[in-house]
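Shown next, in structure tokens, is the structure this report addresses.
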Amino acid sequence: MRPHVVAVLALPRVVASDLATPCEVFGHAEVPGCRQAYEVRVCGEGRRVDAGAFDISVRWDLSALVKAQTVIVPGIRPPISAISPAVLAALRAAARRRIRIASICTGAFVLAQAGLLDGLRATTHWIAARLLAEQFPAVTVDPNVLFVDNGQLLTSAGAAAGLDLCLHMLRNDHGAAVAARASRLAVAPLERSGGQAQYIVHEPPTATSSLAPLLEWMTAHLREDLELPALARKARMSTRTLSRRFREQTGTTPLKWILTARIARAQQLLESTSLSLEEIAAHVGFAAASTLRNRFAQVMGTSPMSYRKLFRGTGATAG
């Protein structure tokens, strides 16, 4: 049986770690009864590619994209970069042949430039998700997940999510046992709980005009009554006027702003203190630990305790 050819596209300013991930996963995949399950071909428009701190010498040209069974596009920096017509044409030709095409991190911008993600749900690194949505409104961007599998077209979030996606494709090709073996070789879990929402730094929206003092006060008094009538009295406005100005200046409602601020503060306390969940809930203004759990899961895609286990530093204190 001939190896399944995986073409990894090396574009100028490629993210080297994104490029290396599929090379390692597919290049060393062990499939029972198969001497070589995959052949990895790193290809580019030219033979030398700028990878930032060093150059990469590639062996294959763009024809490898059309001849492969899987094409993987690693991230690039910056994400909004002019992609050559030859590269875009090669990707479209591969798509017409129904080749499986996947992106890692900001590689989604390349697929979007080629028009391959139009009408599809996709993801990228959370820090670039808003930019992807703004630049390509025909794409439905989900910043909270580790990867999206649309069948032929797949996209993943940043860094480690590229490994998640490669293991997912390996599992689809050859089953859980083969993927589990690859995950052990990579010293990584076969499946991670939660999505990339747990890695996002959730900053409350800010205002640069008349509401700035009120927002500062709200941030300092999260554990107090922050219902709309109380806020309106503090701002010396009617509730209707406050709601209108709040949306104009922050792009959201007071209730959503407060929820984001409370979750952000809970993140800080989970990372840096040994406070119990009940104590943290009280600190940030939730009536009970159960309310914090529910709200935290809605925003972060994981539980407070899972988040603490993942992000708490060794220098955590009691308060």
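Just remember, in the structure tokens the first chain shown is A, the second B, etc., residues are 1-based per chain, and ligands are 1-based in the order shown.
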
>> If DSSP is run on the backbone, what residues of region 21-202 of chain A are strand (DSSP E or B)? A reply as a ChimeraX atom specification would be ideal.
In response: /A:31,34,38-43,48-50,55-57,60,70-73,76,100-103,121-122,140-141,147-149,153-156

Residues from last step as file, N, CA, C and O atoms, as a short mmCIF file (atom, residue, chain, number, x, y, z; two decimals), in the first residue's frame:
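Done, and the output landed in out_27.cif:
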```
data_model
loop_
_atom_site.label_atom_id
_atom_site.label_comp_id
_atom_site.auth_asym_id
_atom_site.auth_seq_id
_atom_site.Cartn_x
_atom_site.Cartn_y
_atom_site.Cartn_z
N VAL A 31 1.40 2.45 12.17
CA VAL A 31 0.15 1.77 11.84
C VAL A 31 0.44 0.29 11.66
O VAL A 31 1.27 -0.09 10.84
N CYS A 34 1.59 -1.78 8.34
CA CYS A 34 1.96 -0.79 7.32
C CYS A 34 3.36 -0.29 7.61
O CYS A 34 3.60 0.29 8.68
N TYR A 38 2.43 7.16 6.20
CA TYR A 38 2.38 8.52 5.65
C TYR A 38 3.74 8.91 5.07
O TYR A 38 4.79 8.50 5.59
N GLU A 39 3.70 9.72 4.04
CA GLU A 39 4.90 10.38 3.52
C GLU A 39 4.67 11.88 3.62
O GLU A 39 3.72 12.41 3.04
N VAL A 40 5.51 12.55 4.39
CA VAL A 40 5.36 13.99 4.60
C VAL A 40 6.24 14.74 3.62
O VAL A 40 7.45 14.47 3.53
N ARG A 41 5.65 15.67 2.91
CA ARG A 41 6.39 16.48 1.95
C ARG A 41 6.22 17.96 2.31
O ARG A 41 5.12 18.50 2.20
N VAL A 42 7.29 18.59 2.76
CA VAL A 42 7.26 20.03 3.03
C VAL A 42 7.51 20.73 1.71
O VAL A 42 8.52 20.49 1.03
N CYS A 43 6.58 21.60 1.32
CA CYS A 43 6.66 22.23 0.01
C CYS A 43 6.51 23.74 0.12
O CYS A 43 6.02 24.27 1.11
N ARG A 48 13.79 28.01 -0.62
CA ARG A 48 14.16 28.50 0.72
C ARG A 48 13.05 29.37 1.26
O ARG A 48 12.48 30.20 0.54
N VAL A 49 12.73 29.17 2.53
CA VAL A 49 11.61 29.87 3.16
C VAL A 49 12.09 30.53 4.44
O VAL A 49 12.77 29.91 5.27
N ASP A 50 11.73 31.79 4.61
CA ASP A 50 12.06 32.55 5.82
C ASP A 50 11.14 32.09 6.95
O ASP A 50 9.92 32.24 6.88
N ASP A 55 16.17 30.13 8.21
CA ASP A 55 15.57 29.79 6.92
C ASP A 55 15.36 28.28 6.85
O ASP A 55 16.08 27.50 7.48
N ILE A 56 14.35 27.87 6.07
CA ILE A 56 14.06 26.47 5.85
C ILE A 56 14.31 26.14 4.38
O ILE A 56 13.90 26.89 3.49
N SER A 57 14.98 25.05 4.15
CA SER A 57 15.18 24.56 2.79
C SER A 57 14.15 23.46 2.53
O SER A 57 14.09 22.48 3.27
N TRP A 60 10.13 20.19 -1.99
CA TRP A 60 9.02 20.03 -2.92
C TRP A 60 8.45 21.39 -3.32
O TRP A 60 8.45 22.34 -2.52
N THR A 70 -3.54 14.85 1.76
CA THR A 70 -3.81 15.82 2.83
C THR A 70 -2.87 17.00 2.65
O THR A 70 -1.67 16.81 2.43
N VAL A 71 -3.40 18.20 2.77
CA VAL A 71 -2.61 19.43 2.73
C VAL A 71 -2.77 20.14 4.07
O VAL A 71 -3.90 20.31 4.55
N ILE A 72 -1.66 20.54 4.66
CA ILE A 72 -1.70 21.25 5.95
C ILE A 72 -1.00 22.59 5.78
O ILE A 72 0.14 22.65 5.29
N VAL A 73 -1.68 23.66 6.21
CA VAL A 73 -1.15 25.01 6.11
C VAL A 73 -0.84 25.52 7.51
O VAL A 73 -1.75 25.84 8.28
N ILE A 76 1.25 31.70 9.88
CA ILE A 76 2.22 32.66 9.37
C ILE A 76 2.16 33.92 10.22
O ILE A 76 1.17 34.19 10.90
N ARG A 100 -8.16 16.56 1.43
CA ARG A 100 -8.35 17.07 2.79
C ARG A 100 -7.36 18.21 3.03
O ARG A 100 -6.15 18.06 2.83
N ILE A 101 -7.88 19.34 3.48
CA ILE A 101 -7.05 20.53 3.69
C ILE A 101 -7.27 21.02 5.12
O ILE A 101 -8.41 21.21 5.55
N ALA A 102 -6.18 21.24 5.83
CA ALA A 102 -6.27 21.66 7.23
C ALA A 102 -5.33 22.84 7.47
O ALA A 102 -4.30 22.97 6.81
N SER A 103 -5.70 23.68 8.42
CA SER A 103 -4.83 24.80 8.81
C SER A 103 -4.53 24.72 10.29
O SER A 103 -5.32 24.21 11.09
N ARG A 121 -17.82 27.18 9.22
CA ARG A 121 -17.36 27.51 10.57
C ARG A 121 -15.87 27.20 10.65
O ARG A 121 -15.39 26.19 10.12
N ALA A 122 -15.11 28.08 11.27
CA ALA A 122 -13.66 27.91 11.34
C ALA A 122 -13.14 28.50 12.63
O ALA A 122 -13.83 29.25 13.32
N THR A 140 -17.64 31.93 9.40
CA THR A 140 -18.17 31.96 10.77
C THR A 140 -17.05 31.54 11.72
O THR A 140 -16.67 30.36 11.77
N VAL A 141 -16.50 32.50 12.43
CA VAL A 141 -15.32 32.25 13.27
C VAL A 141 -15.75 31.90 14.69
O VAL A 141 -16.49 32.64 15.33
N PHE A 147 -10.38 22.95 17.58
CA PHE A 147 -10.37 22.77 16.14
C PHE A 147 -11.79 22.59 15.63
O PHE A 147 -12.71 22.31 16.41
N VAL A 148 -11.95 22.78 14.31
CA VAL A 148 -13.24 22.59 13.65
C VAL A 148 -13.02 21.64 12.48
O VAL A 148 -12.14 21.86 11.65
N ASP A 149 -13.84 20.59 12.41
CA ASP A 149 -13.75 19.61 11.34
C ASP A 149 -15.00 19.73 10.48
O ASP A 149 -16.10 19.35 10.89
N LEU A 153 -12.48 20.37 4.90
CA LEU A 153 -11.76 21.53 5.41
C LEU A 153 -11.74 21.51 6.93
O LEU A 153 -12.79 21.40 7.56
N LEU A 154 -10.54 21.62 7.51
CA LEU A 154 -10.38 21.62 8.96
C LEU A 154 -9.51 22.80 9.37
O LEU A 154 -8.56 23.15 8.66
N THR A 155 -9.81 23.38 10.51
CA THR A 155 -9.00 24.48 11.04
C THR A 155 -8.75 24.25 12.51
O THR A 155 -9.56 23.62 13.20
N SER A 156 -7.63 24.77 13.00
CA SER A 156 -7.33 24.60 14.43
C SER A 156 -6.87 25.92 15.03
O SER A 156 -6.48 26.85 14.32
#
```

Test item: residues at most 12 Å from Ser290 (chain A), only C-alpha atoms, excluding those fewer than 3 positions along its chain, as a PDB file with N, CA, C and O atoms, in the first residue's frame:
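Result file follows (selection23.pdb):
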```
ATOM      1  N   LEU A 277     -13.507  27.967  46.410  1.00  0.00           N
ATOM      2  CA  LEU A 277     -14.435  28.454  45.388  1.00  0.00           C
ATOM      3  C   LEU A 277     -15.514  29.332  46.017  1.00  0.00           C
ATOM      4  O   LEU A 277     -15.946  30.323  45.420  1.00  0.00           O
ATOM      5  N   GLU A 278     -15.930  28.980  47.221  1.00  0.00           N
ATOM      6  CA  GLU A 278     -16.932  29.785  47.918  1.00  0.00           C
ATOM      7  C   GLU A 278     -16.381  31.182  48.216  1.00  0.00           C
ATOM      8  O   GLU A 278     -17.087  32.193  48.050  1.00  0.00           O
ATOM      9  N   GLU A 279     -15.123  31.246  48.639  1.00  0.00           N
ATOM     10  CA  GLU A 279     -14.509  32.548  48.942  1.00  0.00           C
ATOM     11  C   GLU A 279     -14.338  33.383  47.677  1.00  0.00           C
ATOM     12  O   GLU A 279     -14.564  34.603  47.690  1.00  0.00           O
ATOM     13  N   ILE A 280     -13.934  32.743  46.593  1.00  0.00           N
ATOM     14  CA  ILE A 280     -13.770  33.473  45.340  1.00  0.00           C
ATOM     15  C   ILE A 280     -15.106  33.993  44.839  1.00  0.00           C
ATOM     16  O   ILE A 280     -15.211  35.143  44.380  1.00  0.00           O
ATOM     17  N   ALA A 281     -16.149  33.167  44.945  1.00  0.00           N
ATOM     18  CA  ALA A 281     -17.478  33.600  44.525  1.00  0.00           C
ATOM     19  C   ALA A 281     -17.888  34.859  45.274  1.00  0.00           C
ATOM     20  O   ALA A 281     -18.419  35.812  44.675  1.00  0.00           O
ATOM     21  N   ALA A 282     -17.643  34.882  46.581  1.00  0.00           N
ATOM     22  CA  ALA A 282     -17.990  36.063  47.378  1.00  0.00           C
ATOM     23  C   ALA A 282     -17.153  37.268  46.973  1.00  0.00           C
ATOM     24  O   ALA A 282     -17.665  38.395  46.890  1.00  0.00           O
ATOM     25  N   PHE A 286     -20.594  36.796  43.150  1.00  0.00           N
ATOM     26  CA  PHE A 286     -21.574  35.762  42.865  1.00  0.00           C
ATOM     27  C   PHE A 286     -22.196  35.276  44.179  1.00  0.00           C
ATOM     28  O   PHE A 286     -21.498  35.151  45.183  1.00  0.00           O
ATOM     29  N   ALA A 287     -23.474  34.966  44.137  1.00  0.00           N
ATOM     30  CA  ALA A 287     -24.192  34.616  45.357  1.00  0.00           C
ATOM     31  C   ALA A 287     -23.730  33.297  45.948  1.00  0.00           C
ATOM     32  O   ALA A 287     -23.811  33.096  47.166  1.00  0.00           O
ATOM     33  N   ARG A 293     -19.501  28.479  39.309  1.00  0.00           N
ATOM     34  CA  ARG A 293     -19.195  27.323  38.449  1.00  0.00           C
ATOM     35  C   ARG A 293     -19.942  27.415  37.117  1.00  0.00           C
ATOM     36  O   ARG A 293     -19.360  27.222  36.045  1.00  0.00           O
ATOM     37  N   ASN A 294     -21.228  27.701  37.190  1.00  0.00           N
ATOM     38  CA  ASN A 294     -22.041  27.748  35.982  1.00  0.00           C
ATOM     39  C   ASN A 294     -21.611  28.872  35.049  1.00  0.00           C
ATOM     40  O   ASN A 294     -21.444  28.667  33.844  1.00  0.00           O
ATOM     41  N   ARG A 295     -21.409  30.063  35.603  1.00  0.00           N
ATOM     42  CA  ARG A 295     -21.019  31.212  34.786  1.00  0.00           C
ATOM     43  C   ARG A 295     -19.618  31.024  34.213  1.00  0.00           C
ATOM     44  O   ARG A 295     -19.355  31.356  33.053  1.00  0.00           O
ATOM     45  N   PHE A 296     -18.723  30.489  35.015  1.00  0.00           N
ATOM     46  CA  PHE A 296     -17.348  30.266  34.571  1.00  0.00           C
ATOM     47  C   PHE A 296     -17.320  29.280  33.401  1.00  0.00           C
ATOM     48  O   PHE A 296     -16.630  29.496  32.396  1.00  0.00           O
ATOM     49  N   ALA A 297     -18.090  28.215  33.515  1.00  0.00           N
ATOM     50  CA  ALA A 297     -18.133  27.212  32.445  1.00  0.00           C
ATOM     51  C   ALA A 297     -18.712  27.794  31.167  1.00  0.00           C
ATOM     52  O   ALA A 297     -18.257  27.478  30.061  1.00  0.00           O
ATOM     53  N   SER A 303     -14.257  24.082  33.911  1.00  0.00           N
ATOM     54  CA  SER A 303     -14.661  24.360  35.285  1.00  0.00           C
ATOM     55  C   SER A 303     -13.602  25.198  35.991  1.00  0.00           C
ATOM     56  O   SER A 303     -12.436  25.207  35.592  1.00  0.00           O
ATOM     57  N   PRO A 304     -13.973  25.913  37.061  1.00  0.00           N
ATOM     58  CA  PRO A 304     -12.979  26.682  37.809  1.00  0.00           C
ATOM     59  C   PRO A 304     -11.831  25.830  38.339  1.00  0.00           C
ATOM     60  O   PRO A 304     -10.671  26.235  38.295  1.00  0.00           O
TER      61      PRO A 304
END
```

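Taking CA of Arg13 (chain A) and CA of Leu65 (chain A) as the two end points, the separation is 18.9 Å.
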
Item to complete: Run DSSP on the backbone and give me the residues of region 33-76 of chain A it puts in alpha helix (DSSP H), as JSON, numbers by chain.
Response: {"A": [63, 64, 65, 66, 67]}

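Closest to Cys166 (chain A) among A:Ser183, A:Thr124, A:Ser210, A:Asn150 is A:Ser183, based on only C-alpha atoms.
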
For region 15-29 of chain A, work out the shell of residues within 8 Å, counting only C-alpha atoms and skipping chain neighbours fewer than 5 positions away, then give it as a compact mmCIF listing (two decimals) with N, CA, C and O atoms, in the first residue's frame.
```
# COMPACT_ATOMS: atom_id res chain seq x y z
N VAL A 6 1.14 13.58 2.82
CA VAL A 6 0.76 14.79 3.55
C VAL A 6 1.69 15.92 3.09
O VAL A 6 2.90 15.85 3.32
N VAL A 8 2.88 19.64 3.57
CA VAL A 8 2.87 20.74 4.55
C VAL A 8 3.42 21.98 3.85
O VAL A 8 4.56 21.98 3.37
N LEU A 9 2.61 23.01 3.78
CA LEU A 9 2.94 24.21 3.01
C LEU A 9 3.77 25.17 3.84
O LEU A 9 3.33 25.67 4.88
N ALA A 10 4.99 25.46 3.39
CA ALA A 10 5.88 26.39 4.08
C ALA A 10 5.84 27.73 3.35
O ALA A 10 6.42 27.88 2.27
N ALA A 37 3.00 4.52 6.81
CA ALA A 37 1.61 4.94 6.60
C ALA A 37 1.51 6.28 5.90
O ALA A 37 0.59 6.51 5.09
N TYR A 38 2.43 7.16 6.20
CA TYR A 38 2.38 8.52 5.65
C TYR A 38 3.74 8.91 5.07
O TYR A 38 4.79 8.50 5.59
N GLU A 39 3.70 9.72 4.04
CA GLU A 39 4.90 10.38 3.52
C GLU A 39 4.67 11.88 3.62
O GLU A 39 3.72 12.41 3.04
N VAL A 40 5.51 12.55 4.39
CA VAL A 40 5.36 13.99 4.60
C VAL A 40 6.24 14.74 3.62
O VAL A 40 7.45 14.47 3.53
N ALA A 51 11.74 31.53 8.01
CA ALA A 51 10.96 31.08 9.17
C ALA A 51 11.23 31.95 10.39
O ALA A 51 11.10 31.50 11.53
N GLY A 52 11.62 33.19 10.15
CA GLY A 52 11.86 34.10 11.27
C GLY A 52 13.29 34.06 11.75
O GLY A 52 14.17 34.75 11.24
N ILE A 72 -1.66 20.54 4.66
CA ILE A 72 -1.70 21.25 5.95
C ILE A 72 -1.00 22.59 5.78
O ILE A 72 0.14 22.65 5.29
N VAL A 73 -1.68 23.66 6.21
CA VAL A 73 -1.15 25.01 6.11
C VAL A 73 -0.84 25.52 7.51
O VAL A 73 -1.75 25.84 8.28
N PRO A 74 0.44 25.59 7.89
CA PRO A 74 0.81 26.12 9.21
C PRO A 74 0.56 27.63 9.29
O PRO A 74 0.30 28.29 8.28
N GLY A 75 0.66 28.16 10.51
CA GLY A 75 0.46 29.58 10.71
C GLY A 75 1.57 30.42 10.10
O GLY A 75 2.68 29.94 9.84
N ILE A 76 1.25 31.70 9.88
CA ILE A 76 2.22 32.66 9.37
C ILE A 76 2.16 33.92 10.22
O ILE A 76 1.17 34.19 10.90
N ARG A 77 3.24 34.68 10.18
CA ARG A 77 3.28 35.97 10.88
C ARG A 77 3.72 37.06 9.91
O ARG A 77 4.74 36.89 9.24
N ILE A 104 -3.37 25.22 10.64
CA ILE A 104 -2.96 25.34 12.04
C ILE A 104 -2.81 26.82 12.35
O ILE A 104 -2.16 27.55 11.60
N CYS A 105 -3.42 27.25 13.43
CA CYS A 105 -3.27 28.63 13.91
C CYS A 105 -3.68 29.62 12.81
O CYS A 105 -4.75 29.51 12.23
N ALA A 159 -0.84 26.90 18.30
CA ALA A 159 0.18 26.09 18.95
C ALA A 159 -0.27 24.66 19.22
O ALA A 159 -0.40 23.87 18.30
N GLY A 162 -2.79 22.64 17.15
CA GLY A 162 -2.37 21.99 15.92
C GLY A 162 -2.08 20.53 16.13
O GLY A 162 -2.38 19.68 15.28
N LEU A 163 -1.51 20.21 17.29
CA LEU A 163 -1.27 18.81 17.65
C LEU A 163 -2.60 18.09 17.85
O LEU A 163 -2.78 16.95 17.41
N CYS A 166 -3.96 17.30 14.41
CA CYS A 166 -3.25 16.21 13.72
C CYS A 166 -3.60 14.86 14.33
O CYS A 166 -3.79 13.87 13.60
N LEU A 167 -3.70 14.78 15.64
CA LEU A 167 -4.11 13.53 16.28
C LEU A 167 -5.54 13.16 15.91
O LEU A 167 -5.85 11.98 15.72
N LEU A 170 -5.37 11.73 12.45
CA LEU A 170 -4.77 10.40 12.53
C LEU A 170 -5.78 9.39 13.06
O LEU A 170 -5.87 8.25 12.57
N VAL A 178 -4.00 3.85 17.19
CA VAL A 178 -2.87 4.48 16.50
C VAL A 178 -2.68 5.91 16.98
O VAL A 178 -1.56 6.36 17.24
N ALA A 182 0.51 7.74 19.05
CA ALA A 182 1.14 8.99 18.64
C ALA A 182 1.09 10.03 19.75
O ALA A 182 2.05 10.79 19.96
N ALA A 186 4.20 11.93 21.70
CA ALA A 186 4.27 13.39 21.81
C ALA A 186 4.14 13.87 23.25
O ALA A 186 4.26 15.07 23.51
```

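For the choices A:Ile80, A:Leu211, A:Ala108, A:Ala179, the atom-to-atom distance to Glu248 (chain A) is smallest for A:Leu211 when using only C-alpha atoms.
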
CA of His125 (chain A) to CA of Gly158 (chain A) measures 4.3 Å

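The gap separating CA of Val299 (chain A) from CA of Ser238 (chain A) is 29.4 Å, in Å to one decimal.
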
Residues within 9 Å of Ala94 (chain A), please, as JSON, numbers by chain. Count only C-alpha atoms; anything in the same chain fewer than 3 positions from it doesn't count.
{"A": [65, 66, 67, 68, 69, 71, 89, 90, 91, 97, 98, 99, 100, 101]}

Would you write out those residues with N, CA, C and O atoms, as a PDB file, in the first residue's frame?
```
ATOM      1  N   LEU A  65       1.008  20.016  -3.546  1.00  0.00           N
ATOM      2  CA  LEU A  65      -0.305  20.268  -2.950  1.00  0.00           C
ATOM      3  C   LEU A  65      -1.395  19.493  -3.682  1.00  0.00           C
ATOM      4  O   LEU A  65      -2.309  18.942  -3.058  1.00  0.00           O
ATOM      5  N   VAL A  66      -1.314  19.468  -4.996  1.00  0.00           N
ATOM      6  CA  VAL A  66      -2.353  18.820  -5.788  1.00  0.00           C
ATOM      7  C   VAL A  66      -2.178  17.307  -5.784  1.00  0.00           C
ATOM      8  O   VAL A  66      -3.150  16.553  -5.909  1.00  0.00           O
ATOM      9  N   LYS A  67      -0.948  16.831  -5.612  1.00  0.00           N
ATOM     10  CA  LYS A  67      -0.673  15.400  -5.653  1.00  0.00           C
ATOM     11  C   LYS A  67      -0.857  14.713  -4.297  1.00  0.00           C
ATOM     12  O   LYS A  67      -0.813  13.489  -4.210  1.00  0.00           O
ATOM     13  N   ALA A  68      -1.054  15.495  -3.250  1.00  0.00           N
ATOM     14  CA  ALA A  68      -1.172  14.938  -1.902  1.00  0.00           C
ATOM     15  C   ALA A  68      -2.588  14.454  -1.628  1.00  0.00           C
ATOM     16  O   ALA A  68      -3.531  14.752  -2.377  1.00  0.00           O
ATOM     17  N   GLN A  69      -2.735  13.682  -0.536  1.00  0.00           N
ATOM     18  CA  GLN A  69      -4.064  13.314  -0.035  1.00  0.00           C
ATOM     19  C   GLN A  69      -4.505  14.228   1.112  1.00  0.00           C
ATOM     20  O   GLN A  69      -5.688  14.348   1.399  1.00  0.00           O
ATOM     21  N   VAL A  71      -3.403  18.204   2.775  1.00  0.00           N
ATOM     22  CA  VAL A  71      -2.606  19.433   2.734  1.00  0.00           C
ATOM     23  C   VAL A  71      -2.767  20.138   4.069  1.00  0.00           C
ATOM     24  O   VAL A  71      -3.896  20.307   4.552  1.00  0.00           O
ATOM     25  N   ALA A  89      -3.846  29.608  -6.033  1.00  0.00           N
ATOM     26  CA  ALA A  89      -4.337  28.753  -7.123  1.00  0.00           C
ATOM     27  C   ALA A  89      -4.084  27.281  -6.825  1.00  0.00           C
ATOM     28  O   ALA A  89      -4.934  26.418  -7.104  1.00  0.00           O
ATOM     29  N   ALA A  90      -2.925  26.966  -6.241  1.00  0.00           N
ATOM     30  CA  ALA A  90      -2.608  25.574  -5.909  1.00  0.00           C
ATOM     31  C   ALA A  90      -3.544  25.045  -4.834  1.00  0.00           C
ATOM     32  O   ALA A  90      -3.975  23.877  -4.894  1.00  0.00           O
ATOM     33  N   LEU A  91      -3.891  25.875  -3.854  1.00  0.00           N
ATOM     34  CA  LEU A  91      -4.815  25.453  -2.808  1.00  0.00           C
ATOM     35  C   LEU A  91      -6.216  25.233  -3.378  1.00  0.00           C
ATOM     36  O   LEU A  91      -6.902  24.259  -3.031  1.00  0.00           O
ATOM     37  N   ARG A  97     -10.031  18.911  -6.100  1.00  0.00           N
ATOM     38  CA  ARG A  97      -9.801  17.471  -6.144  1.00  0.00           C
ATOM     39  C   ARG A  97     -10.310  16.770  -4.886  1.00  0.00           C
ATOM     40  O   ARG A  97     -10.115  15.569  -4.729  1.00  0.00           O
ATOM     41  N   ARG A  98     -10.960  17.522  -4.007  1.00  0.00           N
ATOM     42  CA  ARG A  98     -11.525  16.997  -2.764  1.00  0.00           C
ATOM     43  C   ARG A  98     -10.452  16.471  -1.827  1.00  0.00           C
ATOM     44  O   ARG A  98     -10.672  15.561  -1.021  1.00  0.00           O
ATOM     45  N   ILE A  99      -9.257  17.053  -1.918  1.00  0.00           N
ATOM     46  CA  ILE A  99      -8.178  16.719  -0.988  1.00  0.00           C
ATOM     47  C   ILE A  99      -8.511  17.288   0.387  1.00  0.00           C
ATOM     48  O   ILE A  99      -9.077  18.375   0.512  1.00  0.00           O
ATOM     49  N   ARG A 100      -8.158  16.555   1.426  1.00  0.00           N
ATOM     50  CA  ARG A 100      -8.347  17.069   2.793  1.00  0.00           C
ATOM     51  C   ARG A 100      -7.362  18.212   3.032  1.00  0.00           C
ATOM     52  O   ARG A 100      -6.154  18.060   2.828  1.00  0.00           O
ATOM     53  N   ILE A 101      -7.878  19.345   3.477  1.00  0.00           N
ATOM     54  CA  ILE A 101      -7.049  20.531   3.693  1.00  0.00           C
ATOM     55  C   ILE A 101      -7.268  21.025   5.119  1.00  0.00           C
ATOM     56  O   ILE A 101      -8.411  21.211   5.549  1.00  0.00           O
TER      57      ILE A 101
END
```

**Prompt:** Which polymer residues have any atom within 12 Å of an atom of region 227-237 of chain A, counting only C-alpha atoms, with same-chain residues fewer than 6 positions away left out, as a PyMOL selection string?
**Reply:** chain A and resi 210-218+221+243-246+253-259+285
